[in-house]
Structure formats: structure tokens, C-alpha cells
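Next up, model_23.tsv (TSV, C-alpha atoms and all ligand atoms):
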```tsv
chain	number	residue	atom	x	y	z
Z	5	MET	CA	92.25	123.11	95.22
Z	6	VAL	CA	92.28	120.62	98.09
Z	7	CYS	CA	89.65	118.55	99.80
Z	8	ILE	CA	90.62	117.04	103.16
Z	9	ALA	CA	88.43	114.23	104.51
Z	10	HIS	CA	88.86	112.89	108.03
Z	11	PHE	CA	88.07	109.39	109.24
Z	12	PHE	CA	88.35	108.68	112.96
Z	13	VAL	CA	89.65	105.11	113.04
Z	14	THR	CA	90.15	102.45	115.72
Z	15	ALA	CA	88.84	102.67	119.28
Z	16	LEU	CA	91.48	105.38	119.85
Z	17	ALA	CA	89.69	107.70	117.35
Z	18	GLN	CA	92.84	108.30	115.36
Z	19	ARG	CA	92.48	110.89	112.60
Z	20	CYS	CA	93.19	109.38	109.17
Z	21	SER	CA	93.29	112.21	106.63
Z	22	VAL	CA	92.45	111.73	102.95
Z	23	VAL	CA	93.82	114.70	101.00
Z	24	THR	CA	92.70	115.21	97.39
Z	25	ASN	CA	93.98	117.62	94.76
Z	26	THR	CA	90.63	118.72	93.37
Z	27	ASN	CA	92.15	119.61	89.98
Z	28	THR	CA	93.14	116.02	89.30
Z	29	GLY	CA	91.48	113.72	91.87
Z	30	GLU	CA	94.93	112.52	92.95
Z	31	THR	CA	94.76	111.59	96.61
Z	32	ILE	CA	97.09	111.00	99.57
Z	33	ILE	CA	96.25	108.93	102.65
Z	34	ILE	CA	97.89	110.15	105.85
Z	35	ASP	CA	98.05	107.77	108.85
Z	36	GLY	CA	96.00	104.86	107.53
Z	37	GLY	CA	95.79	103.17	110.91
Z	38	GLY	CA	92.43	101.41	110.74
Z	39	ASP	CA	89.04	100.98	109.04
Z	40	SER	CA	90.77	100.46	105.70
Z	41	ASN	CA	87.70	98.80	104.15
Z	42	ARG	CA	85.53	101.79	104.98
Z	43	ILE	CA	88.11	104.24	103.63
Z	44	ILE	CA	88.78	102.24	100.45
Z	45	GLN	CA	85.03	101.92	99.74
Z	46	TRP	CA	84.53	105.66	100.12
Z	47	ILE	CA	87.56	106.57	98.01
Z	48	ASP	CA	87.02	104.03	95.23
Z	49	GLN	CA	83.23	103.83	95.08
Z	50	GLY	CA	81.84	106.80	97.01
Z	51	ILE	CA	80.11	104.48	99.50
Z	52	GLY	CA	79.62	105.89	103.01
Z	53	GLU	CA	80.82	109.20	104.41
Z	54	PRO	CA	83.91	110.51	106.14
Z	55	ASP	CA	83.50	111.81	109.71
Z	56	ALA	CA	84.40	115.35	108.63
Z	57	ILE	CA	85.40	117.08	105.42
Z	58	LEU	CA	87.03	120.38	104.46
Z	59	GLY	CA	86.34	121.45	100.88
Z	60	GLN	CA	84.50	119.48	98.26
Z	61	PHE	CA	85.31	117.09	95.43
Z	62	ASP	CA	82.75	115.02	93.57
Z	63	GLY	CA	84.98	113.33	90.97
Z	64	GLN	CA	86.84	110.03	91.08
Z	65	ARG	CA	89.70	109.87	93.55
Z	66	LYS	CA	92.95	108.06	92.70
Z	67	VAL	CA	95.28	107.26	95.60
Z	68	VAL	CA	98.90	108.07	94.71
Z	69	ALA	CA	100.68	108.15	98.10
Z	70	LEU	CA	100.59	106.60	101.57
Z	71	ILE	CA	102.39	108.73	104.12
Z	72	ASN	CA	102.68	108.72	107.92
Z	73	THR	CA	103.47	111.00	110.80
Z	74	HIS	CA	104.69	108.16	113.03
Z	75	ALA	CA	104.40	104.44	113.68
Z	76	HIS	CA	102.02	103.88	116.59
Z	77	PHE	CA	99.69	101.09	115.56
Z	78	ASP	CA	96.55	103.22	115.54
Z	79	HIS	CA	98.29	105.32	112.85
Z	80	SER	CA	99.90	102.48	110.89
Z	81	GLY	CA	98.05	99.21	111.63
Z	82	HIS	CA	96.11	99.06	108.34
Z	83	ILE	CA	98.94	100.25	106.06
Z	84	PRO	CA	99.51	96.64	104.85
Z	85	PHE	CA	95.92	96.53	103.50
Z	86	LEU	CA	96.21	99.97	101.88
Z	87	LYS	CA	99.63	99.17	100.39
Z	88	SER	CA	98.43	96.00	98.75
Z	89	HIS	CA	95.10	97.42	97.57
Z	90	TYR	CA	96.67	100.50	95.95
Z	91	ASN	CA	100.03	98.87	95.16
Z	92	LEU	CA	101.99	101.79	96.60
Z	93	GLU	CA	105.16	102.33	98.60
Z	94	TRP	CA	104.92	103.87	102.05
Z	95	TRP	CA	106.67	106.80	103.74
Z	96	LEU	CA	107.66	106.89	107.42
Z	97	HIS	CA	110.69	108.36	109.24
Z	98	SER	CA	113.18	105.50	109.64
Z	99	ASP	CA	113.74	106.36	113.33
Z	100	ASP	CA	110.30	104.80	113.83
Z	101	ASP	CA	111.18	101.52	112.06
Z	102	TYR	CA	111.70	99.64	115.34
Z	103	LEU	CA	108.44	100.93	116.78
Z	104	GLN	CA	106.71	99.99	113.52
Z	105	SER	CA	108.04	96.43	113.77
Z	106	LEU	CA	106.03	96.14	117.02
Z	107	ALA	CA	102.72	97.40	115.60
Z	108	GLN	CA	101.05	93.99	115.53
Z	109	GLU	CA	101.98	93.09	119.15
Z	110	SER	CA	101.14	96.53	120.54
Z	111	GLY	CA	97.81	96.36	118.75
Z	112	ALA	CA	97.17	92.95	120.28
Z	113	ARG	CA	97.71	94.41	123.79
Z	114	TRP	CA	94.79	96.76	123.04
Z	115	GLY	CA	92.66	93.95	121.61
Z	116	PHE	CA	93.22	94.75	117.90
Z	117	ASP	CA	93.79	91.97	115.40
Z	118	LEU	CA	96.32	93.47	112.97
Z	119	PRO	CA	98.27	91.97	110.05
Z	120	PRO	CA	102.08	91.67	110.20
Z	121	PRO	CA	103.40	95.23	110.21
Z	122	ALA	CA	104.17	97.10	106.98
Z	123	ILE	CA	107.74	98.05	106.19
Z	124	ALA	CA	108.34	101.58	104.92
Z	125	GLU	CA	110.22	101.78	101.62
Z	126	ASN	CA	110.90	105.49	102.02
Z	127	SER	CA	112.09	107.61	104.95
Z	128	TRP	CA	111.44	111.26	105.74
Z	129	ILE	CA	114.38	113.61	106.18
Z	130	HIS	CA	113.89	116.77	108.21
Z	131	GLY	CA	113.55	119.88	106.06
Z	132	GLU	CA	112.94	118.05	102.80
Z	133	LYS	CA	110.03	118.97	100.58
Z	134	HIS	CA	108.08	116.29	98.76
Z	135	THR	CA	105.36	116.68	96.18
Z	136	PHE	CA	102.56	114.11	96.15
Z	137	ALA	CA	99.42	114.53	94.03
Z	138	GLY	CA	100.86	117.88	92.92
Z	139	LEU	CA	100.80	119.12	96.54
Z	140	GLU	CA	103.95	120.16	98.39
Z	141	PHE	CA	104.63	118.88	101.89
Z	142	GLU	CA	107.49	120.12	104.06
Z	143	ILE	CA	108.78	117.45	106.46
Z	144	ILE	CA	109.32	118.66	110.01
Z	145	HIS	CA	110.94	116.04	112.25
Z	146	THR	CA	109.61	116.54	115.78
Z	147	PRO	CA	110.88	113.66	117.94
Z	148	GLY	CA	109.69	113.47	121.54
Z	149	HIS	CA	106.42	111.52	121.25
Z	150	THR	CA	108.28	108.93	119.14
Z	151	LEU	CA	111.85	108.93	117.80
Z	152	GLY	CA	110.72	109.32	114.20
Z	153	GLY	CA	107.64	111.48	114.74
Z	154	CYS	CA	107.17	114.07	112.00
Z	155	CYS	CA	104.74	116.87	111.24
Z	156	LEU	CA	103.83	117.12	107.56
Z	157	ASN	CA	103.14	120.71	106.47
Z	158	LEU	CA	101.00	121.00	103.35
Z	159	LYS	CA	101.82	124.32	101.69
Z	160	LEU	CA	98.97	126.00	99.83
Z	161	GLU	CA	99.26	129.21	97.86
Z	162	GLU	CA	95.60	130.11	98.05
Z	163	GLY	CA	94.96	129.68	101.76
Z	164	PRO	CA	96.45	128.70	105.10
Z	165	ASN	CA	98.85	125.79	105.27
Z	166	HIS	CA	97.71	122.50	106.83
Z	167	LEU	CA	99.95	120.76	109.35
Z	168	PHE	CA	99.37	117.04	109.86
Z	169	ALA	CA	100.81	116.88	113.35
Z	170	GLY	CA	100.40	113.24	114.34
Z	171	ASP	CA	100.65	113.01	118.13
Z	172	THR	CA	103.16	115.85	118.53
Z	173	LEU	CA	100.65	118.64	119.18
Z	174	PHE	CA	96.96	118.53	120.12
Z	175	GLN	CA	94.40	121.21	120.86
Z	176	GLY	CA	95.41	122.25	124.38
Z	177	SER	CA	97.71	119.27	124.83
Z	178	ILE	CA	100.78	117.40	123.58
Z	179	GLY	CA	101.62	113.78	122.80
Z	180	ARG	CA	102.35	111.25	125.53
Z	181	THR	CA	106.01	110.65	126.26
Z	182	ASP	CA	105.59	107.63	128.56
Z	183	LEU	CA	104.67	104.91	126.05
Z	184	PRO	CA	106.89	101.79	125.94
Z	185	ASP	CA	109.47	101.14	123.14
Z	186	THR	CA	108.84	104.56	121.68
Z	187	GLY	CA	111.67	106.89	122.72
Z	188	GLY	CA	109.37	109.39	124.42
Z	189	ASP	CA	111.13	112.47	125.80
Z	190	LEU	CA	109.11	115.35	127.25
Z	191	GLU	CA	111.87	117.97	127.21
Z	192	LEU	CA	112.73	117.14	123.60
Z	193	LEU	CA	109.08	117.24	122.54
Z	194	LEU	CA	108.59	120.69	124.07
Z	195	GLN	CA	111.82	121.91	122.48
Z	196	MET	CA	110.77	120.60	119.05
Z	197	ILE	CA	107.36	122.28	119.29
Z	198	ARG	CA	108.94	125.58	120.31
Z	199	THR	CA	111.73	125.58	117.75
Z	200	ARG	CA	110.13	123.82	114.78
Z	201	LEU	CA	106.37	124.46	115.02
Z	202	TRP	CA	106.01	127.89	116.63
Z	203	PRO	CA	107.86	129.58	113.72
Z	204	LEU	CA	105.10	128.40	111.34
Z	205	ALA	CA	102.42	130.90	110.28
Z	206	ASP	CA	99.82	131.55	113.00
Z	207	ASP	CA	96.95	130.66	110.69
Z	208	THR	CA	98.38	127.18	109.90
Z	209	VAL	CA	95.56	124.69	110.46
Z	210	VAL	CA	96.75	121.88	112.75
Z	211	HIS	CA	95.26	118.41	112.13
Z	212	PRO	CA	96.23	116.42	115.25
Z	213	GLY	CA	96.19	112.64	115.39
Z	214	HIS	CA	93.40	112.79	117.97
Z	215	GLY	CA	90.82	115.43	118.89
Z	216	PRO	CA	89.70	118.65	117.23
Z	217	LEU	CA	91.48	120.85	114.70
Z	218	THR	CA	93.34	123.88	115.97
Z	219	THR	CA	95.85	126.45	114.67
Z	220	ILE	CA	99.48	127.23	115.43
Z	221	GLY	CA	98.52	130.73	116.66
Z	222	GLU	CA	95.89	129.32	119.04
Z	223	GLU	CA	98.28	126.75	120.54
Z	224	LYS	CA	101.17	129.21	120.80
Z	225	ARG	CA	98.95	131.42	122.95
Z	226	TYR	CA	96.92	128.94	124.97
Z	227	ASN	CA	98.53	125.48	125.09
Z	228	PRO	CA	99.10	124.95	128.83
Z	229	PHE	CA	101.88	122.39	128.37
Z	230	LEU	CA	104.04	124.96	126.63
Z	231	ASN	CA	102.99	128.03	128.49
Z	232	LYS	CA	103.73	126.75	131.98
Z	233	TYR	CA	107.42	126.61	131.03
Z	234	HIS	CA	107.55	130.19	129.73
O	1	ZN	ZN	101.32	108.14	118.77
O	2	ZN	ZN	97.91	108.46	118.12
```
Take the structure in the file and give it back as C-alpha cells.
Amino acid sequence: MVCIAHFFVTALAQRCSVVTNTNTGETIIIDGGGDSNRIIQWIDQGIGEPDAILGQFDGQRKVVALINTHAHFDHSGHIPFLKSHYNLEWWLHSDDDYLQSLAQESGARWGFDLPPPAIAENSWIHGEKHTFAGLEFEIIHTPGHTLGGCCLNLKLEEGPNHLFAGDTLFQGSIGRTDLPDTGGDLELLLQMIRTRLWPLADDTVVHPGHGPLTTIGEEKRYNPFLNKYH
């Protein structure tokens, strides 16, 4: 039903996820922050390989949506290339619009040469459900790492759900709250994780923006950043 390919992009090894509905080939790109040529070549022509893949799909992929968890440049820096190549609108929570406007300069501070930042045509609203490629995503706004940071929960009938968590929650860690121009807030981030992520099913597979996959159940039990406050 779904195939989820991961590309680790930029020197920050940001996880770009390419999610395909295997019934139709329709495909969503989540957090297209870098290496857009490599990703486009693989999607359009089957050239190269992703860094990891869950499931299998051998047909032709057709990209139908570009969606983001948040606006740090390693997550959004190559959206302009993806938008123009696939001629698609882009989704981002509007509370990250200011941060997004800085993507090119913040990238430059890290030595990345990025195009002028993309503007999102569409904003997430907490609690809304959106269907892309025939797949339903619930939008969970989890500010704290950034003002507009969201987790995108892909609901599947036949298996566990998949949470694209951006930099809100990592395996054994949480997102930084000390980055400039971002609206980081540690207390808020912890509160959002406790109230909006812990109620999700324990077997929900968490796809963090950086580092290995994990599950909600695993993090609820063992994540030291949340447990030390219990
Ligand atoms: Zn981030
Ligand atoms: Zn990140």
C-alpha cells in the first residue's frame, strides 16, 4: 500500500521522505531540503538508490504533493527546485513563514548555496486531515523547535501509522530550542510532545528529521528528555 524511501540530504543528514501509494504510483515528498537532482532522477527515471526504503514499488512514480514539517533550511532549501520541476504548490505551517524567508541566509552561514527561499501557498492547521496521493495525513502542530513545527501522521488501515516528526522528536532526543530566529521554547516543546504525541498509538513509526527511526511507545518509555521531568 505504501512505499517510503528515505534520502539523507545536506551535510546535516536531514531525512527527506518520498512516500508512494503503491496502488497508483502517486508520490509525496516530505522535507525536500537538499539533493533535489538526486531525488528527482530516482523518482522520474529510477536512477540511483535511496539511502533506505520501507516497502517496495517498481512502477512509475508521479509526484503530487510537496509538504513540510518545518522551515529550517536543511528541510526546505531545495523546495524551489522541486516546486518548479513538478509544478506543484507547497505546504508549510504559516507560523514558520518568517523562518522560511531566512532559509537562503541561514544556509549561507553553513556554507550552502541555496536559491531564494520558496513561499508556501498552503498552511497547515492543527487537527486538520489532508489526503494526498490517496493517503490521509493528520496535522499535529507541535511548536517548540520552531513556531510552525508540525508532525504529519500518515494513517494506514493495514499497519502502524507513520509519523513524520521533523525535528520535534528524535530517537532518545528532542529538537534544539536554542536556534536563532526560530521561536524555540523547551517547555513548550516538552508539553507538545506529552500532550499531542504521547496519545498516539504506541506502534506508530516515528520518522525523525535526523537519525534512526523509532516508535512512540519506545520514546514514551525511554526518551531521557521527557522522562527526567516525570
Ligand atoms: Zn529544524
Ligand atoms: Zn533538521
- From the set Z:Pro147, Z:Pro121, Z:Pro203, Z:Gly176, which residue has the shortest atom-to-atom contact distance to ligand ZN 1 (chain O), counting only C-alpha atoms and all ligand atoms?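 Checking each candidate against ligand ZN 1 (chain O), we get Z:Pro147 as the closest.
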Would you write out, as CSV, a table of all residues in chain Z that have an atom no more than 8 Å from an atom of ligand ZN 1 (chain O), listing for each the closest atom pair and the distance in Å to one decimal, considering all atoms listed in the file and ordering rows by chain and rising residue number?
```
residue,atom,partner,partner_atom,distance
Z:His74,CA,O:ZN1,ZN,6.7
Z:Ala75,CA,O:ZN1,ZN,7.0
Z:His76,CA,O:ZN1,ZN,4.8
Z:Phe77,CA,O:ZN1,ZN,7.9
Z:Asp78,CA,O:ZN1,ZN,7.6
Z:His79,CA,O:ZN1,ZN,7.2
Z:His149,CA,O:ZN1,ZN,6.6
Z:Thr150,CA,O:ZN1,ZN,7.0
Z:Gly170,CA,O:ZN1,ZN,6.8
Z:Asp171,CA,O:ZN1,ZN,5.0
Z:Thr172,CA,O:ZN1,ZN,7.9
Z:Gly179,CA,O:ZN1,ZN,6.9
Z:Arg180,CA,O:ZN1,ZN,7.5
Z:Gly213,CA,O:ZN1,ZN,7.6
```
- Message: Restricting the calculation to all atoms listed in the file: of Z:Ile8, Z:Leu190, Z:Ile51, Z:Val13, which residue gets closest to Leu167 in chain Z?
- Response: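 So, comparing all the options, the nearest one is Z:Ile8.
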- Pairwise distance, CA of Gly38 in chain Z with CA of Thr14 in chain Z, equals 5.6 Å
- Item | Among listed residues Z:Val22, Z:Leu58, Z:Ile43, Z:Leu103, nearest Leu151 in chain Z (using only C-alpha atoms) | Z:Leu103
- Note on the structure: One decimal place gives the CA of Glu30 in chain Z-CA of Gly63 in chain Z separation as 10.2 Å
- Interatomic distance, CA of Trp202 in chain Z to CA of Ile32 in chain Z (Å, one decimal): 25.6 Å
